[in-house]
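Visitor: I am attaching a structure below and will ask some questions about it afterwards.
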Amino acid sequence: MLYIKEEFNLQSMPMVEGAIMAMALFGATMITTISGILADAFGRRMMLLVSAVLSFITAMMVIFWSQQVYMLLLTRLIMGFSIGLAVTLVPIYISEIAPSEIRGKLNTFPQLSGSLGMLLSYCMVFWMSLMPKVDWRIMLGIQSIPSMIYSALIIFYLPESPSWLVRQGRVDEAKKVLQRLRRRQDVSGEIASLIEGTKIDQAPCLQEYKIRPKEIVNDTMVLNGEDSELYVLQEDLPRVAYMIKETTDENIVSSFTSHGASFFDPLVSLIGSVHESSLEGCNMFGEVEQQCATMWDEENQKGPTEDEPEHERDDMEENINDPLIDGSIGRERSELVTSHRRRGLLPSRKSGYIGGGWQLAWKSSDVFSNGQVQDCMDRVYLHEGVPNPEKKSSLDNSTDCKFTQATALVNKSVFHKDQFGSQNIDLHSSEKNLKGTKWGNLLEPGVKRALIAGVGIQLLQQFAGINGILYYTPQILDQAGVGVLISSIGLSSTSASILMSALTTLLMLPFIGIAMWLIDRAGRRKLLLVTIPILVLALLVLIVVNIVDLSVGLHAALSTTSVIVYFCIFVMGFGPIPNIFCSEIFPARVRAICSAICSLTFWISDIIVTYTLPLMMSSLGFTGVFGLYAIVCILAMLFVYMRVPETRGMPLEVIAEFYALGPYWHADQKQKGDTKDKESEETFEALR
């Protein structure tokens, strides 16, 4: 911008200078308003390719047709279109193709690549600034190189999103993409989950199940209504297990209604308790673990049997993410689970496993209506453990070691009973029933709750001060004496300013790496709750430094340290996580549109902060502005604590099911309570 001002004599035209700077921002905001619609209509891959092509076109326009200011403005506007599409759609695309266990790490790559690109840009511009003649067109036109690489990767390497393909009814293509991405042939569980994810019209119920294998349940128990059949997929073949007990968790239901209009979302504690139950090693089999430990240890010492196929032995050792199993407990737990699997008590990894320890299954839900029994199916997302660790489970009193306890999210399935044939489960017969996006879907209670969380966290991220700190970093560091120090080595003021920005960006990279390592281990929520208070502390130090009369050396040290700490901690948490979170929490059929709404909030907030910052600086000064940022960070911490649940390791479809849980489901159950017993009796008599 320094060189553009010189060529076009913009020193006396601040409005034009501001327009050149802001045109990309306006372009990104404009395209974001329709990016979700475009992504749903043409696909994620196609719109990413459009983003790459637009970036290449703007680079060519800058080099060959930017002789006038208005052409430069047009170029910046088109560049904004490219940026807006990429910022909105890249997190969605990564979330839809990534395994749930590493989705957070992969979605942190945009933050890493963006910061790395900034560093390379600063280094290139710094090198060019040392030359006797500087051409700013080369500085902007160099983006044609990464744009061409980006385009080639999309065309020849990147597949289309399986989620989008399923919603278009292209199930076979989606299956091939998943087989390539997962490097295994059996992806039927994930495909079925994607198909189920196209429909969340009703709120699910939360239940706890006690699961036994089929062979130890007799026909009399099923006839008496004590058990119900549970279907799971195993290489497209239906496998039937039985549930000894299923009870709606009234404590969880009451927790939704008891909070009422409270700002605290009970979904936060509910999902948190599910994560905690996965870490309770002794809760896996309740009291049975101690009673059956001796028997399991004896069998473990015998080793695998001779007739056990080698590939099954390998599968049994992969217990880390198996369905209904948590592998973080240690060697003893792994041996116990391996023994339990050899007995046939637990489903294998291929039995409808959809990631993160979650498994997709189905159960029959025959309903008596108009004198006839209608064959319906419920989808069941299973996860090991009881959702509320503090509650004594009704299943803990059994002394039978041949069962597994599981939390279950139950909702109406898109499949019908007749699709569960004796040979396979027809994943294609529901293609004609797959629905597109409707604007009315945005008014569903679960979607509205997710939008509040997504829009809120994007809004608070921008008002937390990152743009203000970025904009005034050179001035802050110059006041601290850093600029004088760098200029003393013979650099011009322009080169010194660029070098300071480059060094600041360089310091961010290791902390982004730390975030990538932690985000799927500690989780998004915990990372935010730990890093945001550090941002508050850094801002408070900047305030104190500008209020208290300190020595020059101490002032320089504290100011520089605070700025660096703010940047580095921001890119660990509040930088990447809002975009990751917004790409995870929405149902498939509204994911693109809702993510675009969140991105639109990001860009509008960015514009507001950028254009009000000089005004606030002139009226409030450094101390007032940074104090305002500190208050926003405190509000952000409270918002995360009360409204942002932990999504680490959870499949996208399961997250959407959790958000669909709500008070209106409890009201519906209460309304049906008077006729439930009578209807159950009629259904049972008809079935018998």
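Labels for the structure tokens follow display order: chains A, B, ..., residues from 1 in each chain, ligands from 1.
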May I have the residues within 12 Å of range 31-35 of chain A as a PyMOL selection string, using only C-alpha atoms and disregarding those fewer than 6 positions away in the same chain?

Guide: chain A and resi 24-25+41-44+46-48+50-51+77-90+92+591-604

Visitor: Which residues, written as a list in words, have at least one atom at most 9 Å from Met21 in chain A, with only C-alpha atoms counted and residues fewer than 6 positions away on the same chain left out?

Guide: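 These residues fall inside the cut-off: Met1, Leu73 and Arg76 of chain A.
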
Visitor: Could you write out the selected residues, including all heavy atoms, as a PDB file, in the first residue's frame?

Guide:
ATOM      1  N   MET A   1       0.832  -1.198   0.000  1.00  0.00           N
ATOM      2  CA  MET A   1       0.000   0.000   0.000  1.00  0.00           C
ATOM      3  C   MET A   1       0.870   1.252   0.000  1.00  0.00           C
ATOM      4  O   MET A   1       0.512   2.278  -0.608  1.00  0.00           O
ATOM      5  CB  MET A   1      -0.921  -0.018   1.227  1.00  0.00           C
ATOM      6  CG  MET A   1      -2.047   0.994   1.166  1.00  0.00           C
ATOM      7  SD  MET A   1      -3.127   0.682  -0.258  1.00  0.00           S
ATOM      8  CE  MET A   1      -3.668   2.318  -0.636  1.00  0.00           C
ATOM      9  N   LEU A  73      -9.413  -1.082  -7.959  1.00  0.00           N
ATOM     10  CA  LEU A  73     -10.564  -1.292  -7.078  1.00  0.00           C
ATOM     11  C   LEU A  73     -11.361  -2.525  -7.511  1.00  0.00           C
ATOM     12  O   LEU A  73     -11.781  -3.335  -6.671  1.00  0.00           O
ATOM     13  CB  LEU A  73     -11.460  -0.057  -7.082  1.00  0.00           C
ATOM     14  CG  LEU A  73     -10.915   1.202  -6.405  1.00  0.00           C
ATOM     15  CD1 LEU A  73     -11.831   2.391  -6.660  1.00  0.00           C
ATOM     16  CD2 LEU A  73     -10.741   0.968  -4.908  1.00  0.00           C
ATOM     17  N   ARG A  76      -9.469  -5.675  -6.544  1.00  0.00           N
ATOM     18  CA  ARG A  76      -9.570  -5.968  -5.113  1.00  0.00           C
ATOM     19  C   ARG A  76     -10.946  -6.533  -4.760  1.00  0.00           C
ATOM     20  O   ARG A  76     -11.072  -7.391  -3.892  1.00  0.00           O
ATOM     21  CB  ARG A  76      -9.309  -4.695  -4.307  1.00  0.00           C
ATOM     22  CG  ARG A  76      -7.885  -4.190  -4.410  1.00  0.00           C
ATOM     23  CD  ARG A  76      -6.949  -5.020  -3.582  1.00  0.00           C
ATOM     24  NE  ARG A  76      -7.213  -4.837  -2.156  1.00  0.00           N
ATOM     25  CZ  ARG A  76      -6.716  -5.616  -1.205  1.00  0.00           C
ATOM     26  NH1 ARG A  76      -5.966  -6.655  -1.519  1.00  0.00           N
ATOM     27  NH2 ARG A  76      -6.978  -5.378   0.060  1.00  0.00           N
TER      28      ARG A  76
END

Visitor: Counting only C-alpha atoms, what is within 9 Å of Gly573 in chain A, bar same-chain residues fewer than 4 positions away, as a VMD selection string?

Guide: chain A and resid 512 515 519 524 527 to 532 569 577 to 578

Visitor: Would you save the residues from that selection as an mmCIF file, in the first residue's frame, using N, CA, C and O atoms?

Guide:
data_model
loop_
_atom_site.group_PDB
_atom_site.id
_atom_site.type_symbol
_atom_site.label_atom_id
_atom_site.label_comp_id
_atom_site.auth_asym_id
_atom_site.auth_seq_id
_atom_site.Cartn_x
_atom_site.Cartn_y
_atom_site.Cartn_z
ATOM 1 N N ILE A 512 0.593 -22.183 16.706
ATOM 2 C CA ILE A 512 -0.414 -22.850 15.889
ATOM 3 C C ILE A 512 -0.160 -24.348 15.896
ATOM 4 O O ILE A 512 -1.094 -25.163 15.949
ATOM 5 N N ALA A 515 -1.524 -25.707 19.013
ATOM 6 C CA ALA A 515 -2.982 -25.804 18.917
ATOM 7 C C ALA A 515 -3.393 -27.043 18.135
ATOM 8 O O ALA A 515 -4.343 -27.739 18.517
ATOM 9 N N ILE A 519 -5.887 -29.641 20.041
ATOM 10 C CA ILE A 519 -7.308 -29.409 19.782
ATOM 11 C C ILE A 519 -8.129 -30.689 19.781
ATOM 12 O O ILE A 519 -9.301 -30.687 20.149
ATOM 13 N N ARG A 524 -11.886 -28.369 22.003
ATOM 14 C CA ARG A 524 -12.072 -26.959 21.627
ATOM 15 C C ARG A 524 -12.469 -26.101 22.827
ATOM 16 O O ARG A 524 -11.929 -25.017 23.048
ATOM 17 N N LEU A 527 -9.684 -25.543 25.399
ATOM 18 C CA LEU A 527 -8.645 -24.674 24.847
ATOM 19 C C LEU A 527 -9.086 -23.213 24.887
ATOM 20 O O LEU A 527 -8.280 -22.313 25.197
ATOM 21 N N LEU A 528 -10.367 -22.964 24.603
ATOM 22 C CA LEU A 528 -10.875 -21.593 24.678
ATOM 23 C C LEU A 528 -10.888 -21.082 26.116
ATOM 24 O O LEU A 528 -10.493 -19.939 26.386
ATOM 25 N N LEU A 529 -11.360 -21.920 27.035
ATOM 26 C CA LEU A 529 -11.465 -21.482 28.431
ATOM 27 C C LEU A 529 -10.099 -21.255 29.076
ATOM 28 O O LEU A 529 -9.992 -20.518 30.063
ATOM 29 N N VAL A 530 -9.056 -21.855 28.527
ATOM 30 C CA VAL A 530 -7.703 -21.656 29.061
ATOM 31 C C VAL A 530 -7.029 -20.449 28.406
ATOM 32 O O VAL A 530 -6.322 -19.681 29.081
ATOM 33 N N THR A 531 -7.233 -20.257 27.094
ATOM 34 C CA THR A 531 -6.498 -19.205 26.381
ATOM 35 C C THR A 531 -7.133 -17.820 26.513
ATOM 36 O O THR A 531 -6.409 -16.815 26.538
ATOM 37 N N ILE A 532 -8.457 -17.735 26.590
ATOM 38 C CA ILE A 532 -9.099 -16.411 26.656
ATOM 39 C C ILE A 532 -8.681 -15.634 27.903
ATOM 40 O O ILE A 532 -8.419 -14.418 27.814
ATOM 41 N N ILE A 569 -1.224 -16.503 21.735
ATOM 42 C CA ILE A 569 -2.317 -17.196 22.414
ATOM 43 C C ILE A 569 -3.599 -17.135 21.595
ATOM 44 O O ILE A 569 -4.393 -18.087 21.570
ATOM 45 N N ILE A 577 -10.617 -21.734 16.349
ATOM 46 C CA ILE A 577 -11.719 -22.552 16.874
ATOM 47 C C ILE A 577 -13.107 -22.074 16.449
ATOM 48 O O ILE A 577 -13.976 -22.903 16.156
ATOM 49 N N PRO A 578 -13.405 -20.759 16.397
ATOM 50 C CA PRO A 578 -14.751 -20.369 15.957
ATOM 51 C C PRO A 578 -15.132 -20.926 14.583
ATOM 52 O O PRO A 578 -16.258 -21.405 14.403
#

Visitor: Of the residues A:Gln461, A:Glu196, A:Lys448, A:Met139, which is the one nearest to Phe126 in chain A, using only C-alpha atoms?

Guide: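 The shortest atom-to-atom distance to Phe126 in chain A comes from A:Met139.
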
Visitor: When you draw a straight line from CA of Tyr353 in chain A to CA of Glu229 in chain A, how long is it in Å?

Guide: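 Atom-to-atom, CA of Tyr353 in chain A and CA of Glu229 in chain A are spaced 18.2 Å apart.
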
Visitor: Need the shell around Val414 in chain A: protein/DNA/RNA residues with any atom at most 7 Å away, counting only C-alpha atoms. Skip same-chain ones fewer than 2 positions apart. Format as a count of residues only?

Guide: 5

Visitor: Find the residues around Ile534 in chain A up to 12 Å (only C-alpha atoms counted), leave out those fewer than 2 positions away in its own chain, and share them as number ranges by chain.

Guide: A: 527-532, 536-541, 562-570, 572-574, 630, 633-634, 637

Visitor: Take the residues from that selection and put them in a file with N, CA and C atoms, as an mmCIF file, in the first residue's frame.

Guide:
data_model
loop_
_atom_site.group_PDB
_atom_site.id
_atom_site.type_symbol
_atom_site.label_atom_id
_atom_site.label_comp_id
_atom_site.auth_asym_id
_atom_site.auth_seq_id
_atom_site.Cartn_x
_atom_site.Cartn_y
_atom_site.Cartn_z
ATOM 1 N N LEU A 527 -9.684 -25.543 25.399
ATOM 2 C CA LEU A 527 -8.645 -24.674 24.847
ATOM 3 C C LEU A 527 -9.086 -23.213 24.887
ATOM 4 N N LEU A 528 -10.367 -22.964 24.603
ATOM 5 C CA LEU A 528 -10.875 -21.593 24.678
ATOM 6 C C LEU A 528 -10.888 -21.082 26.116
ATOM 7 N N LEU A 529 -11.360 -21.920 27.035
ATOM 8 C CA LEU A 529 -11.465 -21.482 28.431
ATOM 9 C C LEU A 529 -10.099 -21.255 29.076
ATOM 10 N N VAL A 530 -9.056 -21.855 28.527
ATOM 11 C CA VAL A 530 -7.703 -21.656 29.061
ATOM 12 C C VAL A 530 -7.029 -20.449 28.406
ATOM 13 N N THR A 531 -7.233 -20.257 27.094
ATOM 14 C CA THR A 531 -6.498 -19.205 26.381
ATOM 15 C C THR A 531 -7.133 -17.820 26.513
ATOM 16 N N ILE A 532 -8.457 -17.735 26.590
ATOM 17 C CA ILE A 532 -9.099 -16.411 26.656
ATOM 18 C C ILE A 532 -8.681 -15.634 27.903
ATOM 19 N N VAL A 536 -7.042 -11.719 28.195
ATOM 20 C CA VAL A 536 -7.451 -10.656 29.120
ATOM 21 C C VAL A 536 -6.246 -10.119 29.880
ATOM 22 N N LEU A 537 -5.392 -11.030 30.347
ATOM 23 C CA LEU A 537 -4.204 -10.617 31.101
ATOM 24 C C LEU A 537 -3.267 -9.781 30.235
ATOM 25 N N ALA A 538 -3.054 -10.181 28.987
ATOM 26 C CA ALA A 538 -2.181 -9.429 28.091
ATOM 27 C C ALA A 538 -2.725 -8.023 27.837
ATOM 28 N N LEU A 539 -4.045 -7.909 27.647
ATOM 29 C CA LEU A 539 -4.653 -6.593 27.438
ATOM 30 C C LEU A 539 -4.547 -5.723 28.689
ATOM 31 N N LEU A 540 -4.720 -6.328 29.851
ATOM 32 C CA LEU A 540 -4.595 -5.560 31.100
ATOM 33 C C LEU A 540 -3.180 -5.023 31.284
ATOM 34 N N VAL A 541 -2.192 -5.815 30.899
ATOM 35 C CA VAL A 541 -0.808 -5.348 30.993
ATOM 36 C C VAL A 541 -0.587 -4.153 30.070
ATOM 37 N N SER A 562 3.535 -8.264 25.862
ATOM 38 C CA SER A 562 2.073 -8.366 25.853
ATOM 39 C C SER A 562 1.532 -8.570 24.442
ATOM 40 N N VAL A 563 2.080 -7.803 23.487
ATOM 41 C CA VAL A 563 1.621 -7.940 22.104
ATOM 42 C C VAL A 563 1.918 -9.331 21.565
ATOM 43 N N ILE A 564 3.134 -9.810 21.817
ATOM 44 C CA ILE A 564 3.524 -11.138 21.320
ATOM 45 C C ILE A 564 2.676 -12.226 21.974
ATOM 46 N N VAL A 565 2.455 -12.117 23.301
ATOM 47 C CA VAL A 565 1.636 -13.105 24.006
ATOM 48 C C VAL A 565 0.214 -13.100 23.462
ATOM 49 N N TYR A 566 -0.330 -11.907 23.205
ATOM 50 C CA TYR A 566 -1.695 -11.817 22.688
ATOM 51 C C TYR A 566 -1.805 -12.530 21.347
ATOM 52 N N PHE A 567 -0.888 -12.221 20.435
ATOM 53 C CA PHE A 567 -0.931 -12.853 19.121
ATOM 54 C C PHE A 567 -0.813 -14.370 19.220
ATOM 55 N N CYS A 568 0.175 -14.824 19.962
ATOM 56 C CA CYS A 568 0.473 -16.259 20.011
ATOM 57 C C CYS A 568 -0.656 -17.048 20.670
ATOM 58 N N ILE A 569 -1.224 -16.503 21.735
ATOM 59 C CA ILE A 569 -2.317 -17.196 22.414
ATOM 60 C C ILE A 569 -3.599 -17.135 21.595
ATOM 61 N N PHE A 570 -3.795 -16.037 20.865
ATOM 62 C CA PHE A 570 -4.995 -15.913 20.033
ATOM 63 C C PHE A 570 -5.023 -16.988 18.952
ATOM 64 N N MET A 572 -3.768 -19.820 19.081
ATOM 65 C CA MET A 572 -3.922 -21.144 19.699
ATOM 66 C C MET A 572 -5.382 -21.492 19.942
ATOM 67 N N GLY A 573 -6.206 -20.479 20.196
ATOM 68 C CA GLY A 573 -7.581 -20.774 20.580
ATOM 69 C C GLY A 573 -8.613 -19.971 19.829
ATOM 70 N N PHE A 574 -8.717 -18.691 20.145
ATOM 71 C CA PHE A 574 -9.793 -17.856 19.614
ATOM 72 C C PHE A 574 -9.641 -17.583 18.123
ATOM 73 N N ALA A 630 -10.707 -5.939 26.623
ATOM 74 C CA ALA A 630 -10.615 -6.847 27.771
ATOM 75 C C ALA A 630 -12.006 -7.242 28.272
ATOM 76 N N CYS A 633 -13.440 -9.816 25.956
ATOM 77 C CA CYS A 633 -12.827 -11.130 26.187
ATOM 78 C C CYS A 633 -13.439 -11.822 27.402
ATOM 79 N N ILE A 634 -13.734 -11.049 28.442
ATOM 80 C CA ILE A 634 -14.380 -11.630 29.622
ATOM 81 C C ILE A 634 -15.779 -12.131 29.262
ATOM 82 N N MET A 637 -15.462 -15.354 27.400
ATOM 83 C CA MET A 637 -15.196 -16.489 28.276
ATOM 84 C C MET A 637 -16.487 -16.998 28.916
#

Visitor: Any idea what's packed within 8 Å of Leu106 in chain A, counting only C-alpha atoms, ignoring anything in its chain fewer than 5 positions away? Could you give it as JSON, numbers by chain?

Guide: {"A": [94, 98, 516]}

Visitor: Output the selection as a JSON list (two decimals), in the first residue's frame - N, CA and C atoms for each residue.

Guide:
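Saved the output as result_22.json:
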[["chain", "number", "residue", "atom", "x", "y", "z"],
["A", 94, "ILE", "N", -13.41, -29.48, 4.94],
["A", 94, "ILE", "CA", -12.53, -30.30, 5.79],
["A", 94, "ILE", "C", -13.34, -31.09, 6.80],
["A", 98, "ALA", "N", -13.12, -35.23, 6.87],
["A", 98, "ALA", "CA", -12.14, -35.66, 7.87],
["A", 98, "ALA", "C", -12.73, -36.70, 8.81],
["A", 516, "MET", "N", -2.69, -27.35, 17.06],
["A", 516, "MET", "CA", -3.01, -28.54, 16.27],
["A", 516, "MET", "C", -2.82, -29.81, 17.09]]
